[in-house]
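A.B. asks: I'm passing along target-v6.txt; it holds compact mmCIF, C-alpha atoms.
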```
# COMPACT_ATOMS: atom_id res chain seq x y z
CA MET A 1 60.75 5.96 -0.95
CA LYS A 2 60.67 9.66 -0.03
CA GLU A 3 57.27 11.18 0.69
CA HIS A 4 57.30 13.50 -2.34
CA GLU A 5 57.92 10.49 -4.61
CA LYS A 6 54.82 8.64 -3.46
CA LYS A 7 51.76 8.51 -5.71
CA PRO A 8 48.37 9.79 -4.52
CA LEU A 9 45.79 7.17 -3.51
CA SER A 10 42.25 7.23 -2.14
CA LEU A 11 40.59 4.60 0.04
CA TYR A 12 36.95 3.58 0.21
CA VAL A 13 35.74 1.55 3.19
CA HIS A 14 32.40 -0.22 2.81
CA ILE A 15 30.28 -0.69 5.93
CA PRO A 16 27.31 -2.75 4.67
CA PHE A 17 25.08 -2.56 7.76
CA CYS A 18 21.87 -0.58 8.30
CA LYS A 19 19.14 -0.36 10.90
CA GLU A 20 16.63 -0.88 8.07
CA LYS A 21 16.92 -0.79 4.29
CA CYS A 22 15.19 2.12 2.57
CA ARG A 23 12.47 1.21 0.08
CA TYR A 24 14.50 2.57 -2.87
CA CYS A 25 17.88 1.11 -1.88
CA ASP A 26 19.65 -1.41 -4.11
CA PHE A 27 23.07 -1.00 -2.47
CA LEU A 28 24.91 -4.02 -1.09
CA SER A 29 23.76 -3.68 2.52
CA PHE A 30 22.01 -5.64 5.25
CA ALA A 31 19.60 -4.80 8.06
CA LEU A 32 19.09 -6.43 11.46
CA CYS A 33 22.66 -7.78 11.79
CA ASP A 34 24.00 -8.19 15.31
CA TYR A 35 27.14 -6.94 17.02
CA SER A 36 28.89 -10.28 16.58
CA LEU A 37 28.63 -10.06 12.78
CA HIS A 38 29.81 -6.46 12.84
CA ARG A 39 32.86 -7.56 14.82
CA GLN A 40 33.66 -10.46 12.50
CA TYR A 41 33.28 -8.23 9.45
CA VAL A 42 35.54 -5.48 10.79
CA HIS A 43 38.18 -8.06 11.73
CA ALA A 44 38.13 -9.43 8.17
CA LEU A 45 38.21 -5.91 6.72
CA CYS A 46 41.29 -5.00 8.73
CA ASN A 47 42.99 -8.17 7.49
CA GLU A 48 42.17 -7.14 3.93
CA ILE A 49 43.81 -3.75 4.52
CA GLU A 50 46.91 -5.53 5.88
CA VAL A 51 47.33 -7.34 2.55
CA TYR A 52 48.41 -4.07 0.94
CA ARG A 53 51.17 -3.18 3.41
CA TYR A 54 54.03 -3.46 0.90
CA VAL A 55 52.01 -1.87 -1.89
CA ALA A 56 51.21 1.02 0.46
CA GLU A 57 54.87 2.04 0.55
CA ARG A 58 54.47 3.54 -2.94
CA TYR A 59 51.47 5.73 -2.06
CA ILE A 60 50.29 8.60 0.08
CA VAL A 61 46.59 8.59 0.95
CA ARG A 62 44.81 11.84 0.08
CA THR A 63 41.19 10.87 0.86
CA ILE A 64 39.29 8.20 2.80
CA PHE A 65 35.55 7.62 2.56
CA PHE A 66 33.46 5.42 4.86
CA GLY A 67 30.30 4.56 2.93
CA GLY A 68 27.54 2.02 3.18
CA GLY A 69 25.16 0.89 4.24
CA THR A 70 25.18 3.22 7.21
CA PRO A 71 28.65 3.54 8.77
CA SER A 72 27.22 5.47 11.72
CA PHE A 73 25.01 2.48 12.60
CA ILE A 74 27.89 0.34 13.90
CA ASP A 75 29.75 0.92 17.15
CA ALA A 76 32.17 3.87 16.89
CA ALA A 77 34.93 1.63 18.28
CA PHE A 78 34.86 -0.29 14.99
CA ILE A 79 35.53 2.90 13.02
CA THR A 80 38.44 3.61 15.35
CA GLN A 81 39.75 0.07 14.82
CA ILE A 82 39.62 0.46 11.04
CA MET A 83 41.28 3.89 11.09
CA ASP A 84 44.04 2.57 13.37
CA LYS A 85 44.73 -0.22 10.87
CA ILE A 86 44.74 2.20 7.92
CA ARG A 87 47.24 4.45 9.67
CA ASP A 88 49.39 1.44 10.54
CA VAL A 89 49.56 0.30 6.90
CA PHE A 90 49.35 3.54 4.88
CA LEU A 91 50.92 6.99 5.05
CA LEU A 92 48.21 9.64 5.23
CA ASP A 93 48.61 13.12 3.80
CA ASP A 94 48.63 15.83 6.49
CA ASP A 95 45.55 17.29 4.77
CA CYS A 96 43.83 13.95 4.18
CA GLU A 97 40.06 14.33 3.71
CA ILE A 98 38.34 11.65 5.81
CA THR A 99 34.57 11.36 5.34
CA ILE A 100 32.00 9.23 7.08
CA GLU A 101 28.37 8.83 6.04
CA GLY A 102 25.66 8.74 8.66
CA ASN A 103 21.92 8.74 9.21
CA PRO A 104 20.41 11.25 11.66
CA ASP A 105 19.02 8.61 14.02
CA SER A 106 22.45 7.10 14.74
CA LEU A 107 24.68 10.19 14.75
CA THR A 108 24.89 10.58 18.50
CA GLY A 109 27.11 13.11 20.21
CA GLU A 110 29.25 10.29 21.57
CA LYS A 111 29.86 8.76 18.14
CA LEU A 112 30.59 12.12 16.54
CA LYS A 113 33.17 12.87 19.23
CA ALA A 114 34.81 9.48 18.62
CA TYR A 115 34.97 10.15 14.87
CA ARG A 116 36.69 13.49 15.43
CA GLU A 117 39.19 11.90 17.81
CA VAL A 118 40.22 9.35 15.19
CA GLY A 119 40.68 12.03 12.53
CA VAL A 120 37.40 12.04 10.60
CA ASN A 121 37.05 15.62 9.37
CA ARG A 122 34.10 15.48 6.96
CA LEU A 123 30.57 14.29 7.65
CA SER A 124 27.86 13.37 5.13
CA ILE A 125 24.34 13.28 6.59
CA GLY A 126 21.52 11.55 4.72
CA LEU A 127 18.52 13.82 5.15
CA GLN A 128 16.74 13.28 1.78
CA SER A 129 13.69 15.36 2.78
CA ALA A 130 12.54 17.74 5.50
CA ASN A 131 9.02 16.40 4.96
CA ASP A 132 8.35 13.58 7.44
CA GLU A 133 5.60 12.14 5.24
CA MET A 134 8.10 11.76 2.38
CA LEU A 135 10.64 10.15 4.70
CA GLN A 136 8.05 7.55 5.70
CA LYS A 137 7.23 6.82 2.06
CA LEU A 138 10.93 6.21 1.38
CA GLY A 139 11.28 3.92 4.39
CA ARG A 140 13.78 6.22 6.08
CA VAL A 141 14.34 5.48 9.79
CA HIS A 142 14.54 9.09 10.96
CA ASN A 143 12.47 12.26 10.98
CA TYR A 144 13.40 15.89 10.38
CA ASP A 145 13.77 16.73 14.08
CA GLN A 146 16.35 13.95 14.42
CA PHE A 147 18.26 15.45 11.50
CA ILE A 148 18.33 18.85 13.20
CA ALA A 149 19.61 17.22 16.39
CA ALA A 150 22.31 15.29 14.51
CA TYR A 151 23.42 18.41 12.63
CA SER A 152 23.64 20.37 15.87
CA ASN A 153 25.60 17.54 17.52
CA ALA A 154 28.02 17.52 14.58
CA ARG A 155 28.74 21.22 14.88
CA GLN A 156 29.22 20.87 18.64
CA ALA A 157 31.64 17.99 18.03
CA GLY A 158 33.76 20.30 15.87
CA PHE A 159 32.80 19.31 12.32
CA THR A 160 33.45 22.24 9.99
CA ASN A 161 32.87 20.34 6.74
CA ILE A 162 29.39 18.83 6.49
CA ASN A 163 27.47 17.55 3.48
CA VAL A 164 23.70 17.08 3.48
CA ASP A 165 22.00 14.74 1.00
CA VAL A 166 18.61 15.80 -0.36
CA MET A 167 16.45 14.01 -2.90
CA SER A 168 14.00 15.32 -5.48
CA GLY A 169 11.31 13.56 -7.49
CA LEU A 170 9.70 11.81 -4.53
CA PRO A 171 6.31 10.11 -4.96
CA GLY A 172 3.54 12.66 -4.58
CA GLU A 173 5.77 15.48 -3.36
CA SER A 174 5.01 18.97 -4.66
CA ALA A 175 7.69 21.28 -6.02
CA GLU A 176 6.91 23.64 -3.15
CA SER A 177 7.61 20.91 -0.57
CA TYR A 178 10.95 20.08 -2.21
CA VAL A 179 11.98 23.75 -2.33
CA ARG A 180 11.12 24.05 1.37
CA THR A 181 13.53 21.18 2.08
CA LEU A 182 16.29 22.97 0.17
CA ALA A 183 15.55 26.25 1.91
CA LYS A 184 15.69 24.64 5.36
CA VAL A 185 19.02 23.00 4.52
CA VAL A 186 20.48 26.22 3.15
CA LYS A 187 19.48 28.04 6.32
CA LEU A 188 21.74 25.68 8.27
CA GLN A 189 24.67 26.59 5.98
CA PRO A 190 26.35 23.20 5.47
CA GLU A 191 29.52 23.40 3.42
CA HIS A 192 28.28 20.93 0.79
CA ILE A 193 24.91 19.80 -0.56
CA SER A 194 24.29 16.71 -2.71
CA ALA A 195 20.98 17.06 -4.53
CA TYR A 196 19.95 13.86 -6.28
CA SER A 197 16.87 12.71 -8.10
CA LEU A 198 15.17 9.54 -6.84
CA ILE A 199 16.03 6.58 -9.07
CA VAL A 200 13.73 3.58 -8.96
CA GLU A 201 15.89 0.45 -9.19
CA GLU A 202 14.73 -3.08 -9.95
CA ASP A 203 14.45 -5.57 -7.07
CA THR A 204 13.56 -2.89 -4.54
CA PRO A 205 10.23 -2.57 -2.69
CA LEU A 206 9.60 0.76 -4.39
CA TYR A 207 9.97 -0.81 -7.85
CA ASP A 208 7.03 -3.13 -7.15
CA ASP A 209 4.79 -0.47 -5.58
CA GLU A 210 2.50 0.59 -8.42
CA ALA A 211 0.67 3.14 -6.29
CA MET A 212 3.94 4.92 -5.45
CA LEU A 213 5.21 4.71 -9.02
CA SER A 214 2.04 6.37 -10.29
CA MET A 215 2.87 9.43 -8.14
CA LEU A 216 6.37 10.00 -9.56
CA PRO A 217 6.94 13.28 -11.46
CA SER A 218 7.39 13.37 -15.23
CA GLU A 219 10.80 13.97 -16.84
CA GLU A 220 9.78 17.55 -17.59
CA GLU A 221 8.83 18.12 -13.95
CA GLU A 222 12.18 16.61 -12.90
CA ARG A 223 14.06 19.07 -15.13
CA LYS A 224 12.18 21.95 -13.53
CA LEU A 225 13.19 20.70 -10.08
CA TYR A 226 16.84 20.57 -11.17
CA ALA A 227 16.56 24.14 -12.46
CA LYS A 228 15.04 25.29 -9.16
CA THR A 229 17.82 23.50 -7.27
CA LYS A 230 20.55 25.17 -9.28
CA MET A 231 19.02 28.64 -8.96
CA LEU A 232 18.29 28.46 -5.23
CA LEU A 233 21.69 27.04 -4.32
CA LYS A 234 23.59 29.42 -6.60
CA ASN A 235 21.82 32.39 -5.02
CA SER A 236 22.75 30.96 -1.61
CA GLY A 237 26.48 30.79 -2.29
CA TYR A 238 26.83 27.18 -3.48
CA GLU A 239 28.71 26.41 -6.68
CA ARG A 240 27.55 23.49 -8.76
CA TYR A 241 30.76 21.62 -9.58
CA GLU A 242 29.23 18.28 -10.64
CA ILE A 243 25.81 17.31 -11.97
CA SER A 244 24.36 16.57 -8.51
CA ASN A 245 26.84 18.27 -6.17
CA TYR A 246 27.11 21.83 -4.84
CA ALA A 247 29.69 23.32 -2.52
CA LYS A 248 30.83 26.54 -0.92
CA THR A 249 34.21 27.76 -2.10
CA GLY A 250 36.94 25.35 -1.02
CA PHE A 251 34.59 22.57 0.08
CA LEU A 252 34.03 20.36 -2.97
CA CYS A 253 34.30 16.67 -2.10
CA ARG A 254 37.85 15.71 -3.01
CA HIS A 255 37.10 12.01 -2.66
CA ASN A 256 34.23 12.00 -5.14
CA LYS A 257 36.30 14.01 -7.59
CA ILE A 258 38.89 11.24 -7.77
CA TYR A 259 36.24 8.95 -9.30
CA TRP A 260 35.34 11.51 -11.97
CA THR A 261 38.98 12.22 -12.84
CA MET A 262 40.11 8.57 -12.82
CA MET A 263 42.62 8.81 -10.02
CA PRO A 264 43.59 5.52 -8.28
CA TYR A 265 41.57 4.20 -5.36
CA LEU A 266 41.36 1.02 -3.31
CA GLY A 267 38.07 -0.28 -1.96
CA PHE A 268 38.00 -2.39 1.21
CA GLY A 269 35.06 -4.48 2.32
CA LEU A 270 32.19 -6.41 0.85
CA GLY A 271 31.74 -5.65 -2.85
CA ALA A 272 33.94 -2.54 -2.70
CA SER A 273 35.34 -1.39 -6.05
CA SER A 274 38.95 -0.52 -6.82
CA PHE A 275 40.82 1.15 -9.67
CA MET A 276 44.59 1.11 -9.59
CA GLU A 277 47.78 0.52 -11.53
CA VAL A 278 49.31 -2.89 -10.91
CA MET A 279 52.80 -4.07 -11.88
CA LEU A 280 52.68 -7.14 -14.13
CA ASP A 281 56.47 -7.42 -14.31
CA PRO A 282 59.38 -5.03 -13.65
CA LYS A 283 58.78 -3.22 -16.98
CA HIS A 284 55.01 -3.34 -17.43
CA THR A 285 52.02 -2.00 -15.50
CA LYS A 286 48.31 -2.11 -16.23
CA LYS A 287 45.32 -0.28 -14.84
CA LEU A 288 42.78 -2.65 -13.30
CA ARG A 289 39.20 -2.40 -12.13
CA PHE A 290 37.98 -5.02 -9.67
CA HIS A 291 35.65 -5.41 -6.71
CA GLY A 292 35.30 -7.57 -3.65
CA VAL A 293 33.11 -10.61 -3.25
CA GLU A 294 29.47 -9.87 -2.41
CA ARG A 295 28.58 -12.78 -0.10
CA MET A 296 29.09 -11.98 3.56
CA ASP A 297 30.05 -15.51 4.59
CA GLU A 298 32.52 -15.76 1.72
CA TYR A 299 34.11 -12.39 2.55
CA ILE A 300 34.51 -13.16 6.23
CA GLY A 301 35.73 -16.67 5.50
CA ARG A 302 38.27 -15.38 3.00
CA PHE A 303 39.84 -12.74 5.24
CA SER A 304 39.12 -13.71 8.85
CA ARG A 305 42.31 -15.79 9.13
CA PHE A 306 44.24 -14.08 6.36
CA ASN A 307 47.77 -13.04 7.27
CA TYR A 308 49.55 -12.57 3.96
CA THR A 309 50.98 -9.46 2.32
CA TYR A 310 51.66 -9.06 -1.39
CA GLU A 311 54.04 -7.02 -3.48
CA GLU A 312 55.39 -8.40 -6.75
CA ASP A 313 52.60 -10.96 -7.22
CA LEU A 314 49.78 -8.51 -6.46
CA PHE A 315 48.16 -9.09 -9.85
CA ASP A 316 47.85 -12.82 -9.20
CA TYR A 317 46.47 -12.13 -5.74
CA ILE A 318 43.81 -9.77 -7.14
CA ARG A 319 42.77 -12.27 -9.81
CA GLU A 320 42.40 -14.97 -7.15
CA HIS A 321 40.58 -12.99 -4.46
CA TYR A 322 38.44 -10.39 -6.26
CA GLU A 323 35.58 -10.34 -8.77
CA ASP A 324 35.25 -8.92 -12.29
CA VAL A 325 38.95 -8.14 -12.65
CA THR A 326 39.25 -6.05 -15.81
CA MET A 327 42.52 -4.97 -17.38
CA LEU A 328 41.61 -1.68 -19.03
CA LYS A 329 42.66 -1.12 -22.62
CA ARG A 330 43.52 2.29 -24.04
CA LYS A 331 40.07 2.52 -25.61
CA ASP A 332 38.42 1.77 -22.26
CA MET A 333 40.47 4.47 -20.57
CA MET A 334 39.49 7.05 -23.18
CA GLU A 335 35.81 6.22 -22.81
CA GLU A 336 35.88 6.47 -19.04
CA TYR A 337 37.92 9.66 -19.12
CA MET A 338 35.23 11.33 -21.22
CA PHE A 339 32.16 9.68 -19.68
CA LEU A 340 33.17 10.46 -16.11
CA GLY A 341 34.79 13.83 -16.76
CA LEU A 342 31.70 15.25 -18.41
CA ARG A 343 29.88 14.99 -15.07
CA LEU A 344 32.02 17.90 -13.86
CA MET A 345 30.91 21.43 -14.67
CA ASN A 346 34.46 22.27 -15.75
CA GLY A 347 34.28 19.35 -18.15
CA VAL A 348 37.21 17.51 -19.66
CA SER A 349 40.64 19.00 -20.31
CA LYS A 350 41.92 18.66 -23.87
CA SER A 351 45.55 19.04 -22.82
CA GLU A 352 45.19 16.37 -20.12
CA PHE A 353 43.59 14.04 -22.67
CA GLN A 354 46.54 14.60 -25.01
CA LYS A 355 48.96 14.01 -22.14
CA CYS A 356 47.25 10.77 -21.06
CA PHE A 357 46.70 9.19 -24.46
CA GLY A 358 49.20 10.82 -26.83
CA VAL A 359 46.50 11.92 -29.26
CA SER A 360 44.25 14.96 -29.46
CA MET A 361 40.65 14.75 -28.29
CA GLU A 362 39.48 16.07 -31.67
CA ASN A 363 41.22 13.20 -33.50
CA VAL A 364 39.25 10.67 -31.46
CA TYR A 365 35.95 12.44 -30.76
CA GLY A 366 35.86 15.31 -33.22
CA SER A 367 32.60 14.33 -34.94
CA VAL A 368 30.77 13.71 -31.65
CA ILE A 369 31.94 17.04 -30.21
CA GLU A 370 30.92 18.90 -33.36
CA LYS A 371 27.48 17.22 -33.40
CA TYR A 372 26.56 18.18 -29.85
CA GLU A 373 28.17 21.61 -30.03
CA LYS A 374 25.87 22.42 -32.95
CA GLN A 375 22.88 21.15 -30.95
CA GLY A 376 23.80 23.42 -28.04
CA LEU A 377 24.51 20.52 -25.68
CA LEU A 378 28.30 20.94 -25.45
CA ILE A 379 30.61 23.91 -25.00
CA ASN A 380 33.87 23.49 -26.91
CA ASP A 381 36.61 26.01 -26.13
CA THR A 382 40.36 25.93 -26.59
CA GLU A 383 41.04 23.93 -23.41
CA HIS A 384 37.85 22.11 -22.34
CA ILE A 385 34.63 20.57 -23.47
CA CYS A 386 31.73 20.57 -21.04
CA LEU A 387 27.98 20.09 -20.98
CA THR A 388 25.64 23.06 -21.28
CA ASP A 389 22.56 23.29 -19.05
CA ALA A 390 20.56 21.68 -21.87
CA GLY A 391 23.24 19.00 -22.18
CA ILE A 392 22.98 18.19 -18.48
CA ASP A 393 19.25 17.53 -18.95
CA VAL A 394 20.10 14.76 -21.44
CA SER A 395 23.55 13.92 -20.09
CA ASN A 396 23.19 10.14 -20.36
CA VAL A 397 22.40 10.41 -24.07
CA VAL A 398 25.37 12.69 -24.73
CA MET A 399 27.83 10.68 -22.64
CA ALA A 400 26.84 7.44 -24.38
CA GLU A 401 28.11 8.92 -27.65
CA PHE A 402 31.63 8.91 -26.25
CA LEU A 403 31.74 5.11 -26.09
CA LEU A 404 34.06 3.95 -28.87
```
Can you turn what I pasted into structure tokens?
C.D. replies:
Amino acid sequence: MKEHEKKPLSLYVHIPFCKEKCRYCDFLSFALCDYSLHRQYVHALCNEIEVYRYVAERYIVRTIFFGGGTPSFIDAAFITQIMDKIRDVFLLDDDCEITIEGNPDSLTGEKLKAYREVGVNRLSIGLQSANDEMLQKLGRVHNYDQFIAAYSNARQAGFTNINVDVMSGLPGESAESYVRTLAKVVKLQPEHISAYSLIVEEDTPLYDDEAMLSMLPSEEEERKLYAKTKMLLKNSGYERYEISNYAKTGFLCRHNKIYWTMMPYLGFGLGASSFMEVMLDPKHTKKLRFHGVERMDEYIGRFSRFNYTYEEDLFDYIREHYEDVTMLKRKDMMEEYMFLGLRLMNGVSKSEFQKCFGVSMENVYGSVIEKYEKQGLLINDTEHICLTDAGIDVSNVVMAEFLL
């Protein structure tokens, strides 16, 4: 197949290891794992990538994202090993965006240099707060000075596309302290800033800490923080392109956008999610969602000695080796198209909806659109619908109305 005939694909690589788990974290990740387990896991992960060798012939990879966990925690040689396997199996676009997440304490100059050498061209640093007291409350393993050192190391290593994560709504933190964090980050001029609100998840240490929970801001205070975030970052040259993401011109995260626009992606590693079109027979294809097993011993056992590749019977392979395999119906696709697309400031394209589903958006969602347009929560123009600022404040309520 010629290169221009190949379909775009994104890859997510899950590295589920951390130095310590943060007190708010409910991600599938593990602390205090040794080098031997890291090695076994990476070996299994590379075998999983090999499975898709024949499938890969139909695609060109546009983005790769190493997430976790803390990918920067493991030896840089493992990242090199994984990237070598990806390049061996898949064709990468010349302009492929390759991102790795890291924590300040483990982003050493040596590791950053190794990432650049293997082609990583985008870095996402988890700061969360410039207030060391807040970092301790969250159970973060770094302080602000370590962040500054990591950021400086990244620039020296040649990274010209850096994201910094910051978090609002921390227990007992004043609005002034949060704004100081934003101001310090803006002064460094990263190309991208992800500004999230703390979410307290069940089965985390923070969820059971009544003293901490009593210090969380109210919903009204949270809205004010979001407004301050938007204003400060807009005045500093950052465009808000998604509910929690801001970027300088030309630096929006292409990988994250593929999730919100329902482009195909493959997830490799423990519990990693995938969304792709699979051939059921020569005349029929279906879009599937599925994710990997979540037990470490099962994952390593399943792939450590695996040496098969699949093409025509890929659907059977996925049903046998992955969890929660869902064949999406037309209704499901419409719901996800709207629910995910409304996270973007540009909203959802009416013409693209018509092209995808063969019916106008108004015929399916006309009453919902009219309802929230009248309430001032949606903008409805000739080409798009999108959330207003007031709609963003209650986005979960509005988006839920698009479930059929």
A.B. asks: Might you pull out every residue within 9 Å of range 145-148 of chain A, with only C-alpha atoms counted and same-chain residues fewer than 3 positions away left off, and present them as number ranges by chain?
C.D. replies: A: 103-105, 107, 125-127, 130, 142, 151-153
A.B. asks: Put the listed atoms of range 367-380 of chain A in a box along x, y and z with 6 Å added on every side and give me the centre and edge lengths in Å to one decimal, as AutoDock Vina command-line options.
C.D. replies:
```
--center_x 28.4 --center_y 18.8 --center_z -30.0 --size_x 23.0 --size_y 22.2 --size_z 21.9
```
A.B. asks: Which neighbours of Val293 in chain A fall inside 9 Å, counting only C-alpha atoms, when residues of the same chain fewer than 6 positions from it are skipped, and could you give them as a list of chain:residue names?
C.D. replies: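 Once the nearby chain positions are removed, what remains is A:Gly269, A:Leu270, A:Gly271, A:Ala272, A:Tyr299, A:His321, A:Tyr322, A:Glu323.
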A.B. asks: List as a ChimeraX atom specification the protein and nucleic acid residues near range 197-206 of chain A, meaning an atom at most 12 Å away when only C-alpha atoms are counted, but skip any in the same chain fewer than 6 places from it.
C.D. replies: /A:21-28,128-129,134,137-139,165-171,173,178,212-219,221-226,229,243-245
A.B. asks: Write out as a VMD selection string the residues lying within 10 Å of Glu57 in chain A, counting all atoms listed in the file and excluding same-chain residues fewer than 2 positions away.
C.D. replies: chain A and resid 1 to 3 6 to 7 52 to 55 59 to 60 89 to 91 311
A.B. asks: Taking 6 positions as the minimum chain separation for residues in the same chain, which residues sit within 6 Å of range 337-351 of chain A when counting all atoms listed in the file? Answer as a compact mmCIF listing (two decimals) with C-alpha atoms, keeping the file's coordinate frame.
C.D. replies:
```
# COMPACT_ATOMS: atom_id res chain seq x y z
CA TYR A 241 30.76 21.62 -9.58
CA GLU A 242 29.23 18.28 -10.64
CA ILE A 243 25.81 17.31 -11.97
CA TRP A 260 35.34 11.51 -11.97
CA THR A 261 38.98 12.22 -12.84
CA GLU A 383 41.04 23.93 -23.41
CA HIS A 384 37.85 22.11 -22.34
CA ILE A 385 34.63 20.57 -23.47
CA CYS A 386 31.73 20.57 -21.04
CA MET A 399 27.83 10.68 -22.64
```
A.B. asks: Nearest residue to Ser273 in chain A out of A:Gly67, A:Pro190, A:Gly366, A:Gly102, using only C-alpha atoms?
C.D. replies: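 Residue with the minimum atom-to-atom distance to Ser273 in chain A: A:Gly67.
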A.B. asks: Quick one: pull the distance between CA of Tyr41 in chain A and CA of Gly158 in chain A, Å, one decimal.
C.D. replies: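 Taking CA of Tyr41 in chain A as the start and CA of Gly158 in chain A as the end point, the length is 29.2 Å.
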A.B. asks: Choose the residue, out of A:Cys253, A:Val61, A:Met276, A:Ala183, that has the smallest atom-to-atom separation from Met231 in chain A; count all atoms listed in the file.
C.D. replies: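 Closest residue, counting all atoms listed in the file: A:Ala183.
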A.B. asks: Have a look at A:Arg289, A:His43, A:Arg240, A:Lys234 and name the one nearest to Ser194 in chain A; count all atoms listed in the file.
C.D. replies: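 When distances to Ser194 in chain A are compared using all atoms listed in the file, the smallest one comes from A:Arg240.
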A.B. asks: Using CA of Glu277 in chain A and CA of Met333 in chain A as the two end points, give the distance in Å to one decimal.
C.D. replies: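 CA of Met333 in chain A lies at a distance of 12.3 Å from CA of Glu277 in chain A.
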A.B. asks: CA of Phe315 in chain A and CA of Met279 in chain A are how many Å apart?
C.D. replies: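 Calculated distance between CA of Phe315 in chain A and CA of Met279 in chain A is 7.1 Å.
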A.B. asks: Here is a test: counting all atoms listed in the file, which residue of A:Arg58, A:Lys257, A:Arg330, A:Lys228 is nearest to Val278 in chain A?
C.D. replies: A:Arg58
